[in-house]
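Notes for the one structure printed next.
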Amino acid sequence: MSVQPGKRRVTSPAISDRDGRFSRRLDPASVQFFVSAVEEGSIARAASRENIVPSAISKRLSDLEALLGVALLERGTQGVIPTPAGEAFLHHARLLLRAVERMRLEMAEYSEGVRGHIRVRASASALSAGLPAEIQSFSRAHRQVKIELEEYETPAIVQDIREGRADVGIGPDILQPEPLKLIPWRHYDLSAVVPDGHALARRRKLSYSALLQYEQVEQGYSSALSQLLDYAARQSGLAKRTRIRVRGFEAVCRMIGSGMGIGVAPSFMRESLGEVYGLRFIPLDEPWAHPKICIMLRDLDSLPNAARSFVDHLRRSATAAGRDGD
């Protein structure tokens with residue numbers, strides 16, 4: 001490869017090392033200083049934020065660039081902005097700092113007797129399909145493992161798993177999230193939900209287009225089911241009139257029961273909510289109305305031991321549920 005006259009080709013032997021010297025020389029403090037400089041747009045403001053003199057933070061950043069063999073920041077009179085390489089490094093830097101912080105927190109928990117920490121993100125459908133009972137069962141057998149459970153809509157679950165903010169996600173496979181690994185956990189059907197006495201209440205099955213004659217009650221725009229229903233409405237060629245959007249299936253059913261419209265929800269919610277709100281659940285006769293709730297992972301082999309044990313527990317419960325359904 002030729003190099004133009006007057007141009008200096010920058011190489012970085014450290015990055016090409018295969019014996020781990022690069023990772024040993026990469027200083028998390030310098031990585032933090034870089035992130036602060038980008039976020040503040042100024043080395044002086046980053047130095048104030050990190051409680052260090054500007055000359056020291058500037059030296060750390062220069063050393064970091066020398067280690068990587070590329071310029072990470074463009075320095076000017078107005079401050080600093082990341083170069084294209086700096087933008088790429090920023091993504092990895094934030095992942096690294098989150099991992100270091102998580103390591104610090106987990107080690108603190110170990111010192112207090114905790115023997116594992118699992119970050120779980122679950123959809124409303126997963127919570128309604130029996131996930132709390134599975135977590136309780138796992139926790140009884142692993143009392144020193146801490147489970148951090150948060151309910152998110154499916155697109156946010158996928159993003160948190162992809163970006164390393166969660167270990168395990170449980171939600172419907174409606175989005176087909178690439179490149180996550182999906183392990184089927186529960187199968188379920190979607191039903192039209194209408195109040196008792198509604199014109200559609202005595203039908204045995206319904207096409208989704210039949211629902212579009214009426215005002216709809218749905219979850220928020222960002223939910224996976226709402227995105228699926230938007231797509232189904234477009235495919236039907238009919239306009240969908242959504243009267244109200246709420247969070248969670250119980251809120252959807254409550255609004256339908258109060259006469260605000262009709263909607264779609266998992267069929268298994270009939271037992272807990274049908275009688276409470278005076279609702280009829282009518283199976284949808286559509287190929288897309290039979291999704292699976294899946295365990296979502298980046299990579300099973302890279303999971304911490306506690307998280308892998310939790311996934312194994314869920315897989316055993318899925319197998320048992322399949323046998324029960326035979």
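Here, A, B, ... name the chains of the structure tokens in the order displayed, residue numbers run from 1 inside each chain, and ligands are numbered from 1 in the same displayed order.
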
* Residues within 8 Å of stretch 217-229 of chain A, only C-alpha atoms, excluding chain neighbours under 6 positions, as a list in words ->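 Non-adjacent residues within range: Glu153, Thr154, Pro155, Pro172, Ile174, Leu175, Thr242, Arg243, Ile244, Arg245, Val246, Arg247, Gly248, Phe249, Val252, Met255, Ile256, Met260, Gly261, Ile262, Gly263 and Val264 of chain A.
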
For this session: Step one, run DSSP on the backbone; step two, keep only residues of stretch 74-133 of chain A assigned to strand (DSSP E); then write them as a ChimeraX atom specification.
Result: /A:74-76,79-82,117-122

Would you export the selected residues with N, CA and C atoms as a PDB file, in the first residue's frame, please?
ATOM      1  N   GLU A  74     -11.808  16.333  17.094  1.00  0.00           N
ATOM      2  CA  GLU A  74     -11.372  17.515  16.361  1.00  0.00           C
ATOM      3  C   GLU A  74     -11.408  18.687  17.344  1.00  0.00           C
ATOM      4  N   ARG A  75     -10.248  19.297  17.565  1.00  0.00           N
ATOM      5  CA  ARG A  75     -10.134  20.377  18.534  1.00  0.00           C
ATOM      6  C   ARG A  75     -10.202  21.716  17.816  1.00  0.00           C
ATOM      7  N   GLY A  76     -10.998  22.632  18.333  1.00  0.00           N
ATOM      8  CA  GLY A  76     -11.130  23.953  17.735  1.00  0.00           C
ATOM      9  C   GLY A  76     -11.356  24.999  18.796  1.00  0.00           C
ATOM     10  N   GLY A  79     -14.396  24.375  20.930  1.00  0.00           N
ATOM     11  CA  GLY A  79     -14.466  23.156  21.735  1.00  0.00           C
ATOM     12  C   GLY A  79     -14.003  21.949  20.946  1.00  0.00           C
ATOM     13  N   VAL A  80     -14.582  20.791  21.232  1.00  0.00           N
ATOM     14  CA  VAL A  80     -14.192  19.552  20.563  1.00  0.00           C
ATOM     15  C   VAL A  80     -15.430  18.842  20.033  1.00  0.00           C
ATOM     16  N   ILE A  81     -15.253  18.139  18.912  1.00  0.00           N
ATOM     17  CA  ILE A  81     -16.293  17.257  18.379  1.00  0.00           C
ATOM     18  C   ILE A  81     -15.617  15.956  17.970  1.00  0.00           C
ATOM     19  N   PRO A  82     -16.340  14.849  18.041  1.00  0.00           N
ATOM     20  CA  PRO A  82     -15.717  13.577  17.683  1.00  0.00           C
ATOM     21  C   PRO A  82     -15.507  13.434  16.180  1.00  0.00           C
ATOM     22  N   HIS A 117     -26.677 -11.146  39.811  1.00  0.00           N
ATOM     23  CA  HIS A 117     -27.572 -10.022  39.525  1.00  0.00           C
ATOM     24  C   HIS A 117     -28.041 -10.175  38.091  1.00  0.00           C
ATOM     25  N   ILE A 118     -29.356 -10.276  37.897  1.00  0.00           N
ATOM     26  CA  ILE A 118     -29.923 -10.490  36.568  1.00  0.00           C
ATOM     27  C   ILE A 118     -30.841  -9.326  36.226  1.00  0.00           C
ATOM     28  N   ARG A 119     -30.585  -8.683  35.099  1.00  0.00           N
ATOM     29  CA  ARG A 119     -31.428  -7.573  34.642  1.00  0.00           C
ATOM     30  C   ARG A 119     -32.417  -8.118  33.608  1.00  0.00           C
ATOM     31  N   VAL A 120     -33.697  -8.076  33.962  1.00  0.00           N
ATOM     32  CA  VAL A 120     -34.748  -8.655  33.127  1.00  0.00           C
ATOM     33  C   VAL A 120     -35.686  -7.559  32.654  1.00  0.00           C
ATOM     34  N   ARG A 121     -36.005  -7.572  31.365  1.00  0.00           N
ATOM     35  CA  ARG A 121     -37.005  -6.678  30.793  1.00  0.00           C
ATOM     36  C   ARG A 121     -38.136  -7.543  30.257  1.00  0.00           C
ATOM     37  N   ALA A 122     -39.384  -7.206  30.601  1.00  0.00           N
ATOM     38  CA  ALA A 122     -40.510  -8.040  30.209  1.00  0.00           C
ATOM     39  C   ALA A 122     -41.653  -7.191  29.679  1.00  0.00           C
TER      40      ALA A 122
END

query: What is the atom CA of A:Ser62 to atom CA of A:Ala46 distance in Å?
result: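 The value is 14.6 Å.
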
Review point. Quick one: residues within 6 Å of stretch 283-298 of chain A, only C-alpha atoms counted, chain neighbours fewer than 5 positions away excluded, as a VMD selection string?
Key: chain A and resid 168 to 173 180 to 191 205 to 207

For each of A:Leu26, A:Ser125, A:Ser302, A:Ser55, take the minimum atom-to-atom distance to A:Ser267, counting only C-alpha atoms, then give the residue where this is smallest.
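Nearest to A:Ser267: A:Ser125.
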
Need the shell around A:Arg316: protein/DNA/RNA residues with any atom at most 12 Å away, counting only C-alpha atoms. Skip same-chain ones fewer than 2 positions apart. Format as a list in words?
Glu134, Ser137, Phe138, Ile183, Pro184, Trp185, Arg186, Ser309, Phe310, Val311, Asp312, His313, Leu314, Ala318, Thr319, Ala320, Ala321, Gly322 and Arg323 of chain A

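Residues in contact with A:Glu101 at up to 12 Å, not including ones fewer than 5 positions away on its chain and judged by only C-alpha atoms, are Pro28, Ala29, Gln32, Arg94, Leu95, Leu96, Glu106, Met107, Ala108 and Arg165 of chain A.
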
Check stretch 127-235 of chain A with DSSP on the backbone and list each residue it calls alpha helix (DSSP H), as a ChimeraX atom specification.
/A:127-128,131-141,154-162,208-211,224-235

The residue from A:Ile135, A:Leu279, A:Ala251, A:Ala233 with the smallest atom-to-atom distance to A:Ser209, counting only C-alpha atoms, is A:Ala233

Taking only C-alpha atoms into account, name the residue in A:Pro195, A:Arg315, A:Pro54, A:Pro304 that is nearest to A:Ser258.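 When distances to A:Ser258 are compared using only C-alpha atoms, the smallest one comes from A:Pro195.
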
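Here atom CA of A:Pro266 is placed at a distance of 26.9 Å from atom CA of A:Ser139.
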
Find the residues around stretch 86-89 of chain A up to 8 Å (only C-alpha atoms counted), leave out those fewer than 6 positions away in its own chain, and share them as a ChimeraX atom specification. /A:71-73
